[in-house]
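Participant: Structure supplied as run.cif; contents: mmCIF, C-alpha atoms.
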```cif
data_entry
#
loop_
_atom_site.label_atom_id
_atom_site.label_comp_id
_atom_site.auth_asym_id
_atom_site.auth_seq_id
_atom_site.Cartn_x
_atom_site.Cartn_y
_atom_site.Cartn_z
CA MET A 716 -14.52 148.58 114.85
CA PRO A 717 -17.42 146.14 114.16
CA LEU A 718 -16.46 142.48 114.28
CA ASN A 719 -17.82 139.38 112.57
CA ILE A 720 -18.30 136.98 115.50
CA LEU A 721 -19.16 133.28 115.59
CA GLN A 722 -20.70 131.95 118.81
CA ILE A 723 -20.57 128.12 119.10
CA ILE A 724 -22.90 126.47 121.62
CA SER A 725 -23.62 122.76 122.01
CA GLY A 726 -26.52 122.76 124.47
CA ARG A 727 -30.04 122.04 123.19
CA ASN A 728 -31.99 122.58 126.41
CA VAL A 729 -32.23 125.86 128.23
CA ASN A 730 -29.55 126.36 130.90
CA GLY A 731 -27.23 129.10 132.11
CA ALA A 732 -24.72 128.74 129.27
CA VAL A 733 -27.42 128.69 126.58
CA THR A 734 -29.21 131.77 127.93
CA TYR A 735 -25.89 133.57 128.31
CA CYS A 736 -25.06 132.85 124.66
CA LYS A 737 -28.43 134.35 123.71
CA PHE A 738 -28.05 137.49 125.83
CA LEU A 739 -24.40 138.03 124.85
CA SER A 740 -25.29 137.69 121.15
CA GLU A 741 -28.04 140.29 121.56
CA GLN A 742 -25.71 142.72 123.34
CA LEU A 743 -23.13 142.30 120.57
CA ILE A 744 -25.78 142.99 117.91
CA GLN A 745 -26.85 146.14 119.78
CA SER A 746 -23.21 147.29 119.77
CA GLY A 747 -23.04 147.02 115.97
CA HIS A 748 -21.26 143.69 115.58
CA GLN A 749 -22.34 140.88 113.25
CA VAL A 750 -23.15 137.67 115.10
CA THR A 751 -23.75 134.11 113.93
CA VAL A 752 -24.58 131.23 116.27
CA LEU A 753 -23.40 127.73 115.34
CA CYS A 754 -25.63 125.31 117.25
CA ARG A 755 -27.25 121.90 117.15
CA SER A 756 -30.66 121.57 115.52
CA GLY A 757 -33.94 121.49 117.39
CA GLY A 758 -32.80 123.36 120.47
CA TRP A 759 -34.26 126.08 122.67
CA LEU A 760 -31.92 128.71 121.30
CA GLN A 761 -33.23 128.69 117.72
CA GLU A 762 -36.68 129.65 118.98
CA HIS A 763 -35.46 132.49 121.19
CA LEU A 764 -32.59 134.22 119.37
CA HIS A 765 -32.90 137.80 118.18
CA PRO A 766 -33.90 137.86 114.47
CA GLN A 767 -30.69 139.72 113.57
CA VAL A 768 -28.56 136.84 114.86
CA ASN A 769 -27.72 134.39 112.07
CA ILE A 770 -27.94 130.64 112.71
CA PHE A 771 -25.92 127.79 111.22
CA GLU A 772 -26.73 124.25 112.35
CA SER A 773 -24.32 121.42 113.05
CA GLU A 774 -24.32 118.48 115.44
CA LEU A 775 -20.72 119.45 116.24
CA ASN A 776 -19.52 115.88 115.87
CA ARG A 777 -15.93 115.16 114.94
CA SER A 778 -16.48 113.13 111.80
CA THR A 779 -14.21 114.08 108.92
CA THR A 780 -17.19 115.04 106.75
CA GLU A 781 -18.66 117.41 109.32
CA LEU A 782 -15.36 118.98 110.29
CA PHE A 783 -14.53 119.84 106.69
CA ARG A 784 -18.09 121.01 105.95
CA VAL A 785 -18.10 123.47 108.84
CA SER A 786 -14.48 124.46 108.25
CA ARG A 787 -15.23 125.45 104.64
CA TRP A 788 -18.23 127.48 105.78
CA ILE A 789 -16.17 129.29 108.45
CA ARG A 790 -13.56 130.26 105.86
CA GLN A 791 -16.28 131.57 103.54
CA GLN A 792 -17.82 133.67 106.32
CA ARG A 793 -14.46 135.26 107.26
CA PHE A 794 -15.16 135.39 110.99
CA ASP A 795 -12.83 137.56 113.06
CA VAL A 796 -13.20 135.43 116.18
CA MET A 797 -14.98 132.34 117.50
CA HIS A 798 -16.43 132.08 121.01
CA THR A 799 -17.40 128.66 122.41
CA HIS A 800 -19.76 127.58 125.20
CA MET A 801 -20.12 124.06 126.72
CA SER A 802 -17.91 120.98 126.33
CA ARG A 803 -18.70 119.71 122.83
CA ALA A 804 -18.54 123.25 121.44
CA HIS A 805 -15.20 123.89 123.18
CA THR A 806 -13.60 120.86 121.55
CA PHE A 807 -15.13 121.71 118.18
CA GLY A 808 -13.92 125.30 118.40
CA VAL A 809 -10.33 124.24 119.05
CA LEU A 810 -10.47 121.90 116.03
CA MET A 811 -11.84 124.73 113.86
CA LYS A 812 -8.99 126.96 115.01
CA MET A 813 -6.47 124.30 113.99
CA MET A 814 -8.07 123.96 110.56
CA ASN A 815 -8.67 127.66 109.85
CA GLY A 816 -6.48 129.74 112.12
CA THR A 817 -9.44 131.77 113.40
CA PRO A 818 -8.85 132.83 117.05
CA VAL A 819 -11.02 131.03 119.57
CA VAL A 820 -12.26 132.21 122.97
CA ALA A 821 -13.86 129.72 125.38
CA THR A 822 -16.08 130.69 128.31
CA ALA A 823 -15.75 128.26 131.22
CA HIS A 824 -19.29 127.96 132.57
CA GLN A 825 -18.39 124.91 134.70
CA CYS A 826 -15.37 123.61 136.58
CA SER A 827 -14.34 120.61 134.52
CA PHE A 828 -10.98 118.98 133.85
CA GLN A 829 -10.50 118.74 130.07
CA LEU A 830 -7.50 118.79 127.77
CA HIS A 831 -8.71 121.42 125.32
CA TRP A 832 -8.55 124.45 127.62
CA ARG A 833 -4.86 125.27 127.08
CA LEU A 834 -5.37 125.12 123.30
CA ASN A 835 -7.71 128.14 123.25
CA ASP A 836 -6.37 131.58 122.47
CA PHE A 837 -8.15 132.87 125.57
CA VAL A 838 -10.31 131.41 128.35
CA ILE A 839 -12.96 133.53 130.05
CA ALA A 840 -13.90 132.20 133.50
CA ASN A 841 -17.38 133.09 134.68
CA SER A 842 -16.22 133.70 138.28
CA LYS A 843 -13.08 134.01 140.39
CA SER A 844 -13.70 130.48 141.62
CA THR A 845 -13.82 129.11 138.06
CA ALA A 846 -10.67 131.05 137.13
CA ALA A 847 -8.82 129.48 140.07
CA PHE A 848 -9.93 126.03 138.89
CA GLN A 849 -8.68 126.72 135.36
CA ARG A 850 -5.27 127.76 136.67
CA ARG A 851 -4.94 124.89 139.14
CA TYR A 852 -6.33 121.93 137.22
CA ASN A 853 -6.30 122.80 133.51
CA PHE A 854 -3.01 124.74 133.70
CA VAL A 855 -4.30 127.65 131.65
CA PRO A 856 -1.49 130.26 131.73
CA PRO A 857 -2.32 133.65 133.29
CA GLU A 858 -1.82 135.54 130.02
CA LYS A 859 -4.55 133.43 128.37
CA LEU A 860 -7.05 133.58 131.26
CA GLY A 861 -9.42 136.26 132.51
CA MET A 862 -12.54 136.53 134.64
CA ILE A 863 -15.69 138.16 133.24
CA HIS A 864 -18.96 137.42 135.01
CA CYS A 865 -21.76 136.01 132.89
CA PHE A 866 -24.94 138.06 132.92
CA THR A 867 -28.64 137.77 132.36
CA ASP A 868 -31.29 140.00 130.77
CA LEU A 869 -31.99 142.47 133.55
CA GLU A 870 -34.68 144.38 131.63
CA ARG A 871 -37.32 141.71 132.28
CA PHE A 872 -36.89 142.26 136.03
CA LYS A 873 -37.46 146.02 135.74
CA HIS A 874 -41.01 145.73 134.42
CA ILE A 875 -42.65 143.34 136.87
CA GLU A 876 -46.05 144.68 137.92
CA PRO A 877 -47.92 143.90 141.16
CA LEU A 878 -50.54 142.15 139.05
CA ASP A 879 -47.86 139.75 137.69
CA VAL A 880 -46.99 138.77 141.25
CA GLU A 881 -50.64 138.45 142.22
CA ILE A 882 -51.29 136.11 139.27
CA VAL A 883 -48.43 133.85 140.37
CA ARG A 884 -49.73 133.68 143.92
CA ARG A 885 -53.22 132.88 142.65
CA GLN A 886 -51.83 130.12 140.45
CA LEU A 887 -50.15 128.66 143.52
CA ARG A 888 -53.49 128.86 145.37
CA LEU A 889 -51.98 130.69 148.28
CA LYS A 890 -54.22 132.00 151.03
CA GLY A 891 -52.23 135.19 151.49
CA ASN A 892 -50.21 134.69 154.67
CA GLU A 893 -47.77 132.02 153.47
CA PHE A 894 -44.02 132.52 153.67
CA LEU A 895 -43.14 131.57 150.11
CA VAL A 896 -39.66 130.23 149.40
CA GLY A 897 -38.49 129.31 145.91
CA THR A 898 -35.61 127.32 144.50
CA VAL A 899 -34.93 127.40 140.76
CA GLY A 900 -32.85 125.08 138.59
CA ASP A 901 -32.57 121.53 137.33
CA VAL A 902 -33.45 119.03 140.07
CA ILE A 903 -30.12 117.21 140.19
CA ALA A 904 -27.72 116.30 143.00
CA ARG A 905 -25.30 119.16 142.24
CA LYS A 906 -28.05 121.69 142.95
CA GLY A 907 -28.39 120.46 146.52
CA GLN A 908 -32.19 120.28 146.86
CA ARG A 909 -31.65 117.23 149.06
CA PHE A 910 -30.15 119.37 151.83
CA LEU A 911 -32.97 121.88 151.65
CA PHE A 912 -35.45 119.01 151.97
CA GLU A 913 -33.52 117.72 154.99
CA ALA A 914 -33.87 121.19 156.53
CA LEU A 915 -37.66 121.31 156.03
CA PRO A 916 -38.71 119.68 159.33
CA MET A 917 -36.63 122.23 161.27
CA ILE A 918 -37.98 125.12 159.20
CA VAL A 919 -41.64 124.11 159.44
CA ARG A 920 -41.46 123.84 163.24
CA GLU A 921 -40.37 127.48 163.44
CA VAL A 922 -42.22 128.86 160.39
CA PRO A 923 -45.68 127.22 160.36
CA ASN A 924 -46.82 129.11 157.25
CA PHE A 925 -43.83 127.93 155.18
CA LYS A 926 -44.32 126.93 151.52
CA LEU A 927 -41.64 125.79 149.05
CA VAL A 928 -41.82 126.04 145.25
CA LEU A 929 -39.44 124.19 142.94
CA LEU A 930 -38.98 125.49 139.39
CA GLY A 931 -36.85 123.51 136.93
CA ARG A 932 -36.54 120.32 134.94
CA PHE A 933 -37.35 117.11 136.80
CA ASN A 934 -36.34 114.60 134.11
CA ARG A 935 -32.56 114.52 134.42
CA SER A 936 -32.19 112.14 137.39
CA GLU A 937 -35.13 109.89 138.19
CA ARG A 938 -33.33 108.27 141.11
CA TYR A 939 -32.62 111.65 142.73
CA ILE A 940 -36.24 112.74 142.26
CA LYS A 941 -37.47 109.57 143.97
CA GLN A 942 -35.15 110.24 146.91
CA LEU A 943 -36.52 113.76 147.30
CA ARG A 944 -40.14 112.64 147.10
CA HIS A 945 -39.46 109.93 149.66
CA GLN A 946 -37.96 112.53 152.01
CA ILE A 947 -41.03 114.75 152.06
CA LYS A 948 -43.42 111.79 152.14
CA SER A 949 -41.73 110.21 155.16
CA GLU A 950 -41.89 113.54 157.01
CA SER A 951 -45.49 114.26 155.86
CA LEU A 952 -44.32 117.47 154.21
CA PHE A 953 -45.75 116.91 150.73
CA THR A 954 -48.41 119.63 151.27
CA ARG A 955 -45.61 122.13 151.90
CA VAL A 956 -43.88 121.62 148.54
CA LYS A 957 -45.07 122.47 145.01
CA TRP A 958 -43.21 121.00 142.00
CA LEU A 959 -43.85 123.22 138.99
CA GLY A 960 -41.27 122.30 136.33
CA LEU A 961 -40.12 124.90 133.81
CA ARG A 962 -41.85 128.28 133.53
CA ASP A 963 -41.41 131.04 130.95
CA ASN A 964 -42.18 133.81 133.46
CA VAL A 965 -39.45 133.01 136.00
CA GLN A 966 -39.07 136.72 136.75
CA ASP A 967 -42.66 136.89 138.06
CA PHE A 968 -42.05 133.92 140.36
CA MET A 969 -38.79 135.45 141.58
CA ALA A 970 -40.66 138.62 142.55
CA ALA A 971 -43.44 136.59 144.22
CA PHE A 972 -41.01 134.67 146.44
CA ASP A 973 -40.37 136.04 149.93
CA LEU A 974 -36.99 134.34 149.75
CA CYS A 975 -34.97 132.45 147.14
CA VAL A 976 -32.78 129.56 148.27
CA VAL A 977 -29.75 128.27 146.29
CA PRO A 978 -28.55 125.19 148.23
CA SER A 979 -26.01 124.06 145.60
CA VAL A 980 -23.21 121.67 146.44
CA GLU A 981 -21.12 123.42 143.78
CA GLU A 982 -22.00 126.42 141.64
CA PRO A 983 -19.45 127.98 139.26
CA LEU A 984 -21.35 131.30 139.29
CA GLY A 985 -25.04 131.27 140.28
CA LEU A 986 -27.37 132.95 137.79
CA VAL A 987 -30.41 132.02 139.90
CA ALA A 988 -29.10 134.10 142.80
CA MET A 989 -28.44 136.94 140.38
CA GLU A 990 -31.98 136.79 138.98
CA ALA A 991 -33.58 136.67 142.43
CA LEU A 992 -31.68 139.76 143.54
CA ALA A 993 -32.55 141.50 140.27
CA ALA A 994 -36.21 140.93 141.22
CA GLY A 995 -35.59 142.43 144.66
CA THR A 996 -35.81 139.08 146.49
CA PRO A 997 -33.14 138.26 149.10
CA VAL A 998 -31.19 135.01 148.80
CA VAL A 999 -29.98 132.26 151.10
CA ALA A 1000 -27.20 130.40 149.29
CA SER A 1001 -24.41 127.92 149.82
CA ASN A 1002 -21.03 129.49 150.45
CA THR A 1003 -19.43 127.82 147.44
CA GLY A 1004 -18.07 128.60 143.98
CA GLY A 1005 -19.17 131.91 142.55
CA LEU A 1006 -22.15 132.43 144.88
CA PRO A 1007 -20.19 134.61 147.36
CA GLU A 1008 -19.40 136.90 144.42
CA ILE A 1009 -23.15 137.54 144.09
CA VAL A 1010 -24.54 137.13 147.60
CA ASP A 1011 -22.97 139.60 150.04
CA HIS A 1012 -23.51 137.93 153.40
CA GLY A 1013 -25.66 140.08 155.67
CA VAL A 1014 -26.23 142.71 152.96
CA ASN A 1015 -28.39 141.16 150.23
CA GLY A 1016 -28.74 137.66 151.66
CA LEU A 1017 -27.13 135.03 153.83
CA LEU A 1018 -24.54 132.35 153.06
CA ALA A 1019 -24.57 128.89 154.63
CA LYS A 1020 -22.08 126.06 154.67
CA PRO A 1021 -22.70 123.70 151.71
CA LYS A 1022 -24.40 120.37 152.50
CA ASP A 1023 -25.38 121.61 155.98
CA PRO A 1024 -29.19 121.41 156.50
CA GLN A 1025 -28.98 122.96 159.99
CA GLN A 1026 -27.14 126.09 158.80
CA LEU A 1027 -29.52 126.34 155.86
CA ALA A 1028 -32.56 126.07 158.13
CA LYS A 1029 -31.14 128.62 160.57
CA ALA A 1030 -30.59 131.20 157.79
CA ILE A 1031 -34.08 130.70 156.32
CA ILE A 1032 -35.75 130.92 159.75
CA GLU A 1033 -33.74 134.04 160.58
CA LEU A 1034 -35.00 135.89 157.52
CA ALA A 1035 -38.53 134.50 157.79
CA ARG A 1036 -38.83 136.25 161.15
CA ASP A 1037 -37.62 139.64 159.88
CA PRO A 1038 -39.64 141.03 156.92
CA GLU A 1039 -38.07 144.49 157.22
CA ARG A 1040 -34.59 143.01 156.91
CA ARG A 1041 -35.70 141.02 153.87
CA LEU A 1042 -36.96 144.23 152.27
CA ARG A 1043 -33.65 146.00 152.89
CA MET A 1044 -31.71 143.04 151.54
CA GLY A 1045 -33.88 142.90 148.41
CA GLU A 1046 -33.32 146.58 147.70
CA ALA A 1047 -29.56 146.22 148.27
CA GLY A 1048 -29.49 143.16 146.01
CA ARG A 1049 -31.25 144.92 143.15
CA ALA A 1050 -28.76 147.81 143.33
CA THR A 1051 -25.78 145.44 143.41
CA ILE A 1052 -26.94 143.41 140.41
CA ASN A 1053 -27.81 146.43 138.27
CA PHE A 1054 -24.28 147.78 138.78
CA GLN A 1055 -22.01 144.74 139.12
CA PHE A 1056 -23.75 142.62 136.47
CA ASP A 1057 -24.73 145.30 133.96
CA PRO A 1058 -24.99 143.43 130.61
CA LYS A 1059 -23.62 146.24 128.45
CA ARG A 1060 -20.54 146.74 130.62
CA LEU A 1061 -19.77 143.00 130.81
CA ALA A 1062 -20.37 142.49 127.07
CA ASN A 1063 -17.91 145.32 126.39
CA GLN A 1064 -15.31 143.46 128.45
CA VAL A 1065 -15.84 140.39 126.24
CA VAL A 1066 -15.42 142.55 123.14
CA GLY A 1067 -12.16 143.80 124.64
CA VAL A 1068 -10.90 140.19 124.61
CA TYR A 1069 -12.00 139.79 120.99
CA ASP A 1070 -10.26 143.03 119.97
CA ARG A 1071 -6.95 141.98 121.49
CA LEU A 1072 -6.98 138.61 119.71
CA VAL A 1073 -7.99 140.12 116.37
CA ALA A 1074 -5.27 142.78 116.64
CA LYS A 1075 -2.68 140.12 117.49
CA ARG A 1076 -3.71 138.01 114.51
CA ARG A 1077 -3.48 140.99 112.14
CA GLN A 1078 0.01 141.82 113.43
CA VAL A 1079 1.16 138.29 112.69
CA ALA A 1080 -0.42 138.40 109.22
#
```
Just dump the structure as structure tokens.

Facilitator:
Amino acid sequence: MPLNILQIISGRNVNGAVTYCKFLSEQLIQSGHQVTVLCRSGGWLQEHLHPQVNIFESELNRSTTELFRVSRWIRQQRFDVMHTHMSRAHTFGVLMKMMNGTPVVATAHQCSFQLHWRLNDFVIANSKSTAAFQRRYNFVPPEKLGMIHCFTDLERFKHIEPLDVEIVRRQLRLKGNEFLVGTVGDVIARKGQRFLFEALPMIVREVPNFKLVLLGRFNRSERYIKQLRHQIKSESLFTRVKWLGLRDNVQDFMAAFDLCVVPSVEEPLGLVAMEALAAGTPVVASNTGGLPEIVDHGVNGLLAKPKDPQQLAKAIIELARDPERRLRMGEAGRATINFQFDPKRLANQVVGVYDRLVAKRRQVA
């Protein structure tokens, strides 16, 4: 039965939660449901949502005026269920539930201690690791908690042409024999770029043709950026590293990389690892959070101890020396992602949560 679904998202800039909200909304539309996204104005999402997804703007603040304005609108729209993403949206969704009685589902994209989690009708954890955190620290009862992996748009990784990869390598001004390693994500301490930079001297000694590309926002922690730049300057490694910022064609870069590295200190799931494997590129990742649920050690990549530059360097050097093994790992990774993280299957699991809450509400009514 088609549902009328409200997605509430508080992020303005592109990140894993925002892109998941976009892709989930599109999957729900394709399945015949009606979807509206309640979001803050001027964000990335408004420019990238499917035209069939409705948009309603709010700053999601907790002023009396705004709460009652949005609450009246929600009642008028007669939504069957609300689904929230990111902290401000989670709090706002719980308040809307209290004012309207509409069931609310919250996806935990991060491991954060907050009081609102137990007040949701259901919490979806994006990984087993996140689910364990919700049980242990936020005391979400088992009957209100489930694990459904987030997903990405896999179609864009199925249509990468050799020319797309060649264009990327030309843009990087590569000579042709470089071992190209990429790391993707905001340049912040949690993402662990520091430990990859600490591993660079060891890597370069063993892999003389090594090149590193960083994709992601550089404006979130100026102090951290300065530390990283000082690291490579003091070791005279600045010619080995290219800082590229955000790119719209991440899938082409993923396919151009010989190896993708995810050196995170903590990572609730790890969409970057998922995207690299979807492009057929093996991954070296920290053995933390949800990353082991994506990277099968020795099969589609290697796992290293978090915050350990020596283990990280050893794994990268090991794969740099074995192109045939990298090829096998890339093929295994693509197969794993296309099955385990199939968007339609995972979106149907989310709809199953919605259906149970809607049925329960109708029984009570």

Participant: Report as a list in words all protein, DNA and RNA residues lying within 8 Å of A:Leu1061, evaluated on all atoms listed in the file, omitting residues in the same chain fewer than 6 positions from it.

Facilitator: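 Once the adjacent positions are removed, what remains is Ile863, His864, Cys865 and Phe866 of chain A.
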
Participant: What does the PyMOL selection byres ((chain A and resi 953-962) around 10) select in this file, as a ChimeraX atom specification?

Facilitator: /A:729,887,895-897,899-902,912,915,919,923-934,944-952,963-968

Participant: Take the point (-4.9, 131.5, 122.0) in the file's coordinates, draw a sphere of radius 8 Å around it, and report as number ranges by chain every protein, DNA or RNA residue with an atom inside or on it, counting only C-alpha atoms.

Facilitator: A: 818-820, 834-837, 859, 1072

Participant: Measure the distance from atom CA of A:Phe972 to atom CA of A:Glu881 in Å and round it to one decimal.

Facilitator: 11.2 Å

Participant: Can you tell me which residues surround A:Gly1013 at a distance of at most 12 Å, considering all atoms listed in the file, apart from same-chain residues fewer than 5 positions away, and format the answer as an NGL selection string?

Facilitator: :A and (997-1000 or 1007 or 1018-1019 or 1030 or 1033-1034 or 1040-1041 or 1043-1045 or 1047-1048)

Participant: Please write the residues from the selection above to a file, keeping C-alpha atoms, as a compact mmCIF listing (two decimals), in the coordinates of the input.

Facilitator:
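Okay, this is what ended up in result_30.txt:
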```txt
# COMPACT_ATOMS: atom_id res chain seq x y z
CA PRO A 997 -33.14 138.26 149.10
CA VAL A 998 -31.19 135.01 148.80
CA VAL A 999 -29.98 132.26 151.10
CA ALA A 1000 -27.20 130.40 149.29
CA PRO A 1007 -20.19 134.61 147.36
CA LEU A 1018 -24.54 132.35 153.06
CA ALA A 1019 -24.57 128.89 154.63
CA ALA A 1030 -30.59 131.20 157.79
CA GLU A 1033 -33.74 134.04 160.58
CA LEU A 1034 -35.00 135.89 157.52
CA ARG A 1040 -34.59 143.01 156.91
CA ARG A 1041 -35.70 141.02 153.87
CA ARG A 1043 -33.65 146.00 152.89
CA MET A 1044 -31.71 143.04 151.54
CA GLY A 1045 -33.88 142.90 148.41
CA ALA A 1047 -29.56 146.22 148.27
CA GLY A 1048 -29.49 143.16 146.01
```

Participant: Could you spell out the hits of the PyMOL selection byres ((chain A and resi 980) around 6) on the shown file, as a compact mmCIF listing (two decimals) with C-alpha atoms, keeping the file's coordinate frame?

Facilitator:
```
# COMPACT_ATOMS: atom_id res chain seq x y z
CA ARG A 905 -25.30 119.16 142.24
CA LYS A 906 -28.05 121.69 142.95
CA GLY A 907 -28.39 120.46 146.52
CA SER A 979 -26.01 124.06 145.60
CA GLU A 981 -21.12 123.42 143.78
CA PRO A 1021 -22.70 123.70 151.71
```

Participant: What's around A:Met797 at 8 Å? Count all atoms listed in the file, leave out sequence neighbours fewer than 3 positions away in its own chain, and write the answer as number ranges by chain.

Facilitator: A: 720-723, 794, 808, 817-820

Participant: Using the chain letters and residue numbers of this document, give as a PyMOL selection string the residues selected by the PyMOL selection byres ((chain A and resi 1067) around 12).

Facilitator: chain A and resi 716-718+743+796+820+837+839+861+863+1060-1066+1068-1074

Participant: Would you please work out which residue, of A:Lys737, A:Arg1077, A:Leu1042, A:Asn815, is nearest to A:Gln791 when using all atoms listed in the file?

Facilitator: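 So, comparing all the options, the nearest one is A:Asn815.
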
Participant: Which residue gives the smallest distance to A:Ser802 among A:Val855, A:Leu984, A:Ala732, A:Met862, with all atoms listed in the file counted?

Facilitator: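 The closest residue to A:Ser802 is A:Ala732.
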